[in-house]
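Here the structure comes first, spelled out in structure tokens, and everything after it is commentary.
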Amino acid sequence: MSGAAGVSAELSAQLSEDILLEVRDLRISFASGRSLLAAVDGVDFRVAAGETLALLGESGCGKSATALGLLRLLPAAGRMPGGEVLFDGRDLLALPEAEMRGVRGGGMAMIFQEPATSLNPVLTVGHQIGEVLERHLGLAGQAARVRALELLAAVGIADAERRLGEYPFQLSGGMKQRVMIAVALAGNPRLLIADEPTTALDVTIQAQILELLRRLQRERAMGMLLITHDLGVVAQMATRVAVMYAGQIVEEAPREVFFSAARHPYTQKLFAALPDLARRGGRLETIPGQVPPLAEMPSGCRFASRCEHAWELCRQQEPQGRQVALGHRLRCHLDRLPDAPGGRLAAPAAAGEAALAPGAPLLEVQDLRVHFPIRRGILQRTVGHVRAVDGVSLELARGRTLALVGESGCGKTTVGKAILQLIAASGGSVRLLGQELGGVSGKARRPLRRRMQMIFQDPFASLNPRMAVGEIIGEGMSALRIDMHRQGRAAAIAAVLRQVGLEDAAAGRYPHEFSGGQRQRIAIARALAVQPDLVICDEPTSALDVSVQAQILNLLGTLQAELGLAYLFITHNFAVVDHLAHEVAVMYLGRIVERGSVDDVLRSPQHPYTRALLSAVPSARLDEQPEFIRLPGETPSPANPPAGCHFHPRCRHASAACRERYPETTTLSSTHTVRCHLHS
């Protein structure tokens with residue numbers, strides 16, 4: 001994959017005079033009662049034609065508020081008490097709303113984070129693109145249809161004629177994001193604002209979307225403001241990077257300088273929190289505390305309470321932004337301290353990968369199948385089956401982590417739920433501690449129910465908002481009839497809260513009173529409360545910032561070392577897999593196509609699908625950008641999988657044998673197996 005992000009440094013210098021957007025001292029506040037709380041406080045930046053400025057930072061730093069403010073799309077409580085937003089020489093904050101409607105979509109357009117909620121569910125794709133074409137280009141009828149087809153083709157949607165008449169719910173996540181990009185491009189904007197455009201997408205779809213954005217930017221010489229918290233995406237896309245913290249830009253630098261000589265302690269902490277091969281199995285650097293709430297902004301440096309290098313001046317006086325090198329601006333007092341730290345903060349020493357050798361299997365899964373019936377007609381007769389899981393076998397020992405990876409829809413979560421008996425299996429065997437879980441009564445299964453628990457992807461959705469944290473944690477104890485008097489249960493809840501790094505007082509509070517990382521700790525505490533042996537983790541860090549992700553990964557590693565927990569870790573984040581897992585199983589269309597140790601699969605992948613997945617992973621190192629292997633087409637439907645090897649329609653190495661029969665398992669070594677005719 002190309003590491004050239006947007007434009008080169010030379011071209012950036014040539015384009016520096018063609019400034020599309022200039023933001024000066026932008027201030028955004030939100031009304032709370034009779035007071036105004038500042039969310040964006042004195043932000044300055046520029047975006048030139050053909051370049052990409054990445055706006056980076058944790059959730060709550062003000063990135064999305066800044067983007068919405070540029071387009072004057074703030075919610076009702078939003079206020080813009082000061083600043084200028086100059087676009088093509090006009091101050092957008094001074095324009096009447098009638099003129100501003102011409103700028104939105106025409107001069108500047110925005111790709112929102114979640115296309116499923118940004119696209120109108122009751123209007124067809126063609127209708128939604130047509131609205132923009134009519135508003136900004138005056139196109140209607142056949143002319144608008146022809147242009148809409150051109151836009152869908154430009155964003156890589158096959159069979160555009162059919163897709164124009166479809167609704168958003170009929171499209172996959174990647175296709176919805178492509179339609180969102182087509183809608184944004186319909187008015188021929190000169191500046192594109194992309195707010196976390198790939199956060200919810202698989203790595204393969206993410207790579208395609210980023211490649212698409214680069215190509216469209218190159219063809220149209222668009223400026224781009226890219227909002228993200230993914231340093232890998234920044235490494236691929238950005239020309240310049242601005243780091244935002246608590247409503248202020250604390251560091252801004254060209255991409256190469258940012259990745260080689262970042263100077264603000266917050267920026268350095270973000271780098272140190274990334275999972276890295278050198279720290280596999282060890283503890284990741286974390287940032288203590290959290291972004292200060294709007295009502296409690298400190299008077300000095302806003303990062304001082306979380307900075308290990310803060311000194312007296314940091315707490316007394318707010319630092320001002322200043323240029324420390326050509327194109328490199330910094331808002332920090334540390335350069336004034338005689339013994340201020342220089343260079344990258346040191347990472348913690350690696351603890352080394354867990355030395356636990358695989359023992360007797362805790363979990364044994366043999367030929368697990370989950371087929372959902374397809375029913376049609378008045379009598380709802382079964383006319384087929386969705387083969388969500390189609391013959392999965394795996395083993396997991398105590399104290400070990402098996403990562404289950406693959407694209408959305410491949411059956412990973414269904415495997416986890418079927419193991420826990422939350423979904424009835426259509427066939428196969430699931431044994432925990434040597435005892436069969438399937439086909440037995442709930443009463444017979446109850447003694448084993450406490451031995452296995454699940455941590456879900458979205459802790460806010462999985463925690464009951466009407467129950468206090470203590471009740472949520474104690475609910476599992478009651479449901480599984482763990483015999484304990486009231487005082488003993490309260491002590492047990494307090495102990496498990498301390499175990500996940502929360503105070504005893506958290507038991508009396510409600511989920512909405514906690515941050516995202518704290519809610520995930522509560523979800524982990526709920527799972528641990530019944531003392532399980534096996535924990536199934538379903539994307540537990542996908543919605544978290546990199547700093548909070550590091551805290552959760554450290555916690556999971558510590559709990560495994562102390563309690564001997566086994567984890568089935570469902571994810572599409574390969575950096576997390578590399579850091580936490582011992583073994584990896586790669587799924588495609590309901591079946592495991594490759595399995596082995598972390599080194600086997602990530603360092604020496606043998607299945608073409610595994611290689612394609614790994615090639616799509618963005619690296620946060622400029623010298624490690626792999627060449628992207630584009631997979632043609634989309635993942636086939638599990639209701640009608642292709643004959644032979646399910647992957648052959650998308651595989652560049654497919655042969656006649658691949659089209660005729662599914663490959664058997666080939667053992668490459670004592671720890672590495674693959675299902676591919678290339679190795680049979």
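Residue numbering restarts at 1 for every chain of the structure tokens, chains are lettered A, B, ... in their displayed order, and ligands are numbered from 1 as they appear.
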
For Asp578 in chain A: contacts at 8 Å, only C-alpha atoms, fewer than 2 positions along chain excluded, given as a list in words
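Residues meeting the cut-off are Pro275, Asp276, Leu277, Arg280, Phe574, Ala575, Val576, Leu580, Ala581, Val598 and Leu602 of chain A.
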
Residue list (strand (DSSP E), DSSP) for range 204-250 of chain A, as a ChimeraX atom specification
/A:223-228,240-245,248-250

Quick one, how far is CA of Leu20 in chain A from CA of Arg190 in chain A?
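Those two atoms sit 7.6 Å apart.
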
Shell around Gly62 in chain A at 6 Å using only C-alpha atoms, local window under 4 positions removed, as number ranges by chain
A: 39-40, 247

Selection near Glu471 in chain A, 10 Å with only C-alpha atoms, sequence-local residues under 3 positions removed, as an mmCIF file with all heavy atoms, in the first residue's frame:
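Produced file around.cif, reproduced below:
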data_model
loop_
_atom_site.group_PDB
_atom_site.id
_atom_site.type_symbol
_atom_site.label_atom_id
_atom_site.label_comp_id
_atom_site.auth_asym_id
_atom_site.auth_seq_id
_atom_site.Cartn_x
_atom_site.Cartn_y
_atom_site.Cartn_z
ATOM 1 N N ASN A 464 -27.381 -2.345 31.641
ATOM 2 C CA ASN A 464 -28.732 -1.814 31.858
ATOM 3 C C ASN A 464 -28.645 -0.400 32.433
ATOM 4 O O ASN A 464 -28.125 -0.209 33.537
ATOM 5 C CB ASN A 464 -29.492 -2.727 32.818
ATOM 6 C CG ASN A 464 -30.975 -2.396 32.872
ATOM 7 O OD1 ASN A 464 -31.373 -1.246 32.732
ATOM 8 N ND2 ASN A 464 -31.791 -3.406 33.069
ATOM 9 N N ARG A 466 -30.778 1.452 33.776
ATOM 10 C CA ARG A 466 -31.643 1.687 34.933
ATOM 11 C C ARG A 466 -31.138 0.995 36.202
ATOM 12 O O ARG A 466 -31.762 1.089 37.244
ATOM 13 C CB ARG A 466 -33.067 1.225 34.635
ATOM 14 C CG ARG A 466 -33.759 2.025 33.539
ATOM 15 C CD ARG A 466 -35.187 1.549 33.330
ATOM 16 N NE ARG A 466 -35.872 2.367 32.349
ATOM 17 C CZ ARG A 466 -35.837 2.165 31.042
ATOM 18 N NH1 ARG A 466 -35.132 1.147 30.568
ATOM 19 N NH2 ARG A 466 -36.498 2.950 30.213
ATOM 20 N N MET A 467 -30.029 0.292 36.064
ATOM 21 C CA MET A 467 -29.482 -0.411 37.223
ATOM 22 C C MET A 467 -28.159 0.202 37.634
ATOM 23 O O MET A 467 -27.352 0.599 36.778
ATOM 24 C CB MET A 467 -29.280 -1.900 36.898
ATOM 25 C CG MET A 467 -30.566 -2.665 36.635
ATOM 26 S SD MET A 467 -30.273 -4.377 36.102
ATOM 27 C CE MET A 467 -29.556 -5.082 37.578
ATOM 28 N N ALA A 468 -27.940 0.300 38.941
ATOM 29 C CA ALA A 468 -26.643 0.755 39.439
ATOM 30 C C ALA A 468 -25.590 -0.312 39.137
ATOM 31 O O ALA A 468 -25.906 -1.492 38.936
ATOM 32 C CB ALA A 468 -26.710 1.021 40.935
ATOM 33 N N GLY A 474 -23.887 -7.762 40.580
ATOM 34 C CA GLY A 474 -24.494 -8.767 41.444
ATOM 35 C C GLY A 474 -25.555 -9.603 40.768
ATOM 36 O O GLY A 474 -25.896 -10.696 41.242
ATOM 37 N N GLU A 475 -26.083 -9.105 39.621
ATOM 38 C CA GLU A 475 -27.151 -9.824 38.932
ATOM 39 C C GLU A 475 -26.702 -11.217 38.499
ATOM 40 O O GLU A 475 -27.454 -12.190 38.598
ATOM 41 C CB GLU A 475 -27.603 -9.014 37.711
ATOM 42 C CG GLU A 475 -28.812 -9.606 36.998
ATOM 43 C CD GLU A 475 -29.223 -8.756 35.803
ATOM 44 O OE1 GLU A 475 -28.349 -8.120 35.184
ATOM 45 O OE2 GLU A 475 -30.424 -8.742 35.475
ATOM 46 N N GLY A 476 -25.454 -11.322 38.010
ATOM 47 C CA GLY A 476 -24.953 -12.630 37.591
ATOM 48 C C GLY A 476 -24.849 -13.600 38.751
ATOM 49 O O GLY A 476 -25.129 -14.792 38.608
ATOM 50 N N MET A 477 -24.443 -13.082 39.917
ATOM 51 C CA MET A 477 -24.348 -13.944 41.099
ATOM 52 C C MET A 477 -25.719 -14.499 41.472
ATOM 53 O O MET A 477 -25.856 -15.682 41.802
ATOM 54 C CB MET A 477 -23.776 -13.153 42.274
ATOM 55 C CG MET A 477 -22.383 -12.601 42.048
ATOM 56 S SD MET A 477 -21.847 -11.625 43.477
ATOM 57 C CE MET A 477 -20.233 -11.068 42.931
ATOM 58 N N SER A 478 -26.741 -13.629 41.385
ATOM 59 C CA SER A 478 -28.095 -14.076 41.721
ATOM 60 C C SER A 478 -28.623 -15.072 40.698
ATOM 61 O O SER A 478 -29.206 -16.100 41.054
ATOM 62 C CB SER A 478 -29.036 -12.864 41.794
ATOM 63 O OG SER A 478 -28.604 -11.944 42.772
ATOM 64 N N ALA A 490 -21.881 -7.769 48.829
ATOM 65 C CA ALA A 490 -21.395 -6.388 48.698
ATOM 66 C C ALA A 490 -19.868 -6.351 48.725
ATOM 67 O O ALA A 490 -19.236 -5.618 47.952
ATOM 68 C CB ALA A 490 -21.972 -5.515 49.813
ATOM 69 N N ILE A 493 -18.581 -7.651 45.396
ATOM 70 C CA ILE A 493 -18.725 -6.654 44.331
ATOM 71 C C ILE A 493 -17.632 -5.601 44.452
ATOM 72 O O ILE A 493 -17.011 -5.204 43.459
ATOM 73 C CB ILE A 493 -20.134 -6.013 44.386
ATOM 74 C CG1 ILE A 493 -21.190 -7.049 43.983
ATOM 75 C CG2 ILE A 493 -20.208 -4.780 43.491
ATOM 76 C CD1 ILE A 493 -22.615 -6.598 44.243
ATOM 77 N N ALA A 507 -20.009 1.283 42.755
ATOM 78 C CA ALA A 507 -21.150 0.369 42.841
ATOM 79 C C ALA A 507 -22.474 1.111 42.938
ATOM 80 O O ALA A 507 -23.514 0.595 42.515
ATOM 81 C CB ALA A 507 -20.979 -0.565 44.036
ATOM 82 N N GLY A 508 -22.467 2.320 43.474
ATOM 83 C CA GLY A 508 -23.707 3.079 43.642
ATOM 84 C C GLY A 508 -24.036 4.008 42.495
ATOM 85 O O GLY A 508 -25.050 4.710 42.536
ATOM 86 N N ARG A 509 -23.202 4.032 41.451
ATOM 87 C CA ARG A 509 -23.432 4.932 40.318
ATOM 88 C C ARG A 509 -23.995 4.156 39.127
ATOM 89 O O ARG A 509 -24.021 2.927 39.114
ATOM 90 C CB ARG A 509 -22.128 5.637 39.943
ATOM 91 C CG ARG A 509 -21.606 6.549 41.055
ATOM 92 C CD ARG A 509 -20.133 6.863 40.890
ATOM 93 N NE ARG A 509 -19.856 7.587 39.655
ATOM 94 C CZ ARG A 509 -18.642 7.782 39.164
ATOM 95 N NH1 ARG A 509 -17.588 7.301 39.805
ATOM 96 N NH2 ARG A 509 -18.478 8.447 38.043
ATOM 97 N N TYR A 510 -24.441 4.920 38.118
ATOM 98 C CA TYR A 510 -25.093 4.330 36.948
ATOM 99 C C TYR A 510 -24.159 4.390 35.736
ATOM 100 O O TYR A 510 -23.243 5.224 35.684
ATOM 101 C CB TYR A 510 -26.414 5.046 36.665
ATOM 102 C CG TYR A 510 -27.467 4.742 37.698
ATOM 103 C CD1 TYR A 510 -27.509 5.441 38.902
ATOM 104 C CD2 TYR A 510 -28.406 3.731 37.495
ATOM 105 C CE1 TYR A 510 -28.460 5.149 39.868
ATOM 106 C CE2 TYR A 510 -29.362 3.430 38.450
ATOM 107 C CZ TYR A 510 -29.385 4.142 39.635
ATOM 108 O OH TYR A 510 -30.323 3.833 40.588
ATOM 109 N N ARG A 526 -18.353 -7.431 35.557
ATOM 110 C CA ARG A 526 -19.557 -8.277 35.547
ATOM 111 C C ARG A 526 -19.208 -9.704 35.127
ATOM 112 O O ARG A 526 -19.718 -10.677 35.699
ATOM 113 C CB ARG A 526 -20.598 -7.686 34.590
ATOM 114 C CG ARG A 526 -21.846 -8.542 34.453
ATOM 115 C CD ARG A 526 -22.887 -7.913 33.555
ATOM 116 N NE ARG A 526 -22.378 -7.662 32.205
ATOM 117 C CZ ARG A 526 -23.083 -7.068 31.252
ATOM 118 N NH1 ARG A 526 -24.313 -6.649 31.517
ATOM 119 N NH2 ARG A 526 -22.579 -6.880 30.059
#

Filtered DSSP result for range 433-657 of chain A, state helix (DSSP H, G or I), as JSON, numbers by chain
{"A": [442, 443, 444, 445, 446, 447, 448, 449, 459, 460, 461, 462, 469, 470, 471, 472, 473, 474, 475, 476, 477, 478, 479, 486, 487, 488, 489, 490, 491, 492, 493, 494, 495, 496, 497, 498, 499, 504, 505, 506, 507, 508, 511, 512, 513, 516, 517, 518, 519, 520, 521, 522, 523, 524, 525, 526, 527, 528, 546, 547, 548, 549, 550, 551, 552, 553, 554, 555, 556, 557, 558, 559, 560, 561, 562, 563, 574, 575, 576, 577, 578, 579, 580, 598, 599, 600, 601, 602, 603, 608, 609, 610, 611, 612, 613, 614, 615, 648, 649, 650, 656, 657]}

What's the 9 Å shell around Thr666 in chain A, counting only C-alpha atoms, without same-chain residues fewer than 5 positions away, as a VMD selection string?
chain A and resid 672 to 677 679 to 680

Using only C-alpha atoms, determine which residues lie at most 9 Å from range 321-327 of chain A, disregarding the query and same-chain residues fewer than 5 positions distant; provide the list as a PDB file with N, CA, C and O atoms, in the first residue's frame.
ATOM      1  N   ARG A 240      -0.231  16.896   6.690  1.00  0.00           N
ATOM      2  CA  ARG A 240       0.124  17.497   7.975  1.00  0.00           C
ATOM      3  C   ARG A 240      -0.797  16.931   9.040  1.00  0.00           C
ATOM      4  O   ARG A 240      -1.888  16.442   8.743  1.00  0.00           O
ATOM      5  N   ILE A 249      -5.489  22.879  19.883  1.00  0.00           N
ATOM      6  CA  ILE A 249      -4.468  22.167  19.115  1.00  0.00           C
ATOM      7  C   ILE A 249      -3.153  22.329  19.862  1.00  0.00           C
ATOM      8  O   ILE A 249      -2.648  23.442  20.023  1.00  0.00           O
ATOM      9  N   VAL A 250      -2.594  21.207  20.331  1.00  0.00           N
ATOM     10  CA  VAL A 250      -1.387  21.257  21.157  1.00  0.00           C
ATOM     11  C   VAL A 250      -0.118  21.012  20.344  1.00  0.00           C
ATOM     12  O   VAL A 250       0.975  21.324  20.799  1.00  0.00           O
ATOM     13  N   GLU A 251      -0.266  20.427  19.144  1.00  0.00           N
ATOM     14  CA  GLU A 251       0.907  20.234  18.286  1.00  0.00           C
ATOM     15  C   GLU A 251       0.437  20.111  16.843  1.00  0.00           C
ATOM     16  O   GLU A 251      -0.581  19.482  16.559  1.00  0.00           O
ATOM     17  N   GLU A 252       1.183  20.735  15.940  1.00  0.00           N
ATOM     18  CA  GLU A 252       0.906  20.623  14.512  1.00  0.00           C
ATOM     19  C   GLU A 252       2.234  20.514  13.783  1.00  0.00           C
ATOM     20  O   GLU A 252       3.170  21.280  14.053  1.00  0.00           O
ATOM     21  N   ALA A 253       2.336  19.540  12.864  1.00  0.00           N
ATOM     22  CA  ALA A 253       3.606  19.309  12.181  1.00  0.00           C
ATOM     23  C   ALA A 253       3.360  18.593  10.871  1.00  0.00           C
ATOM     24  O   ALA A 253       2.333  17.913  10.697  1.00  0.00           O
ATOM     25  N   PRO A 254       4.303  18.703   9.904  1.00  0.00           N
ATOM     26  CA  PRO A 254       4.234  17.858   8.705  1.00  0.00           C
ATOM     27  C   PRO A 254       4.282  16.391   9.097  1.00  0.00           C
ATOM     28  O   PRO A 254       4.832  16.032  10.147  1.00  0.00           O
ATOM     29  N   CYS A 332       3.250  24.032  24.658  1.00  0.00           N
ATOM     30  CA  CYS A 332       3.789  23.293  25.796  1.00  0.00           C
ATOM     31  C   CYS A 332       4.854  24.138  26.489  1.00  0.00           C
ATOM     32  O   CYS A 332       5.621  24.848  25.831  1.00  0.00           O
TER      33      CYS A 332
END

Just want the 9 Å neighbourhood of Gly501 in chain A, counted on only C-alpha atoms, with same-chain residues fewer than 5 positions away dropped. Output as number ranges by chain.
A: 496, 518, 521, 555

Which residue of A:Asp91, A:Glu58, A:Glu583, A:Glu634 approaches Thr204 in chain A most closely, using only C-alpha atoms
A:Glu634

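Here CA of Ser393 in chain A and CA of Lys412 in chain A stand 12.6 Å from one another.
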
Considering only C-alpha atoms, state which residue in the set A:Val405, A:Ile522, A:Val155, A:Val370 is at the smallest distance from Ser426 in chain A.
A:Val370
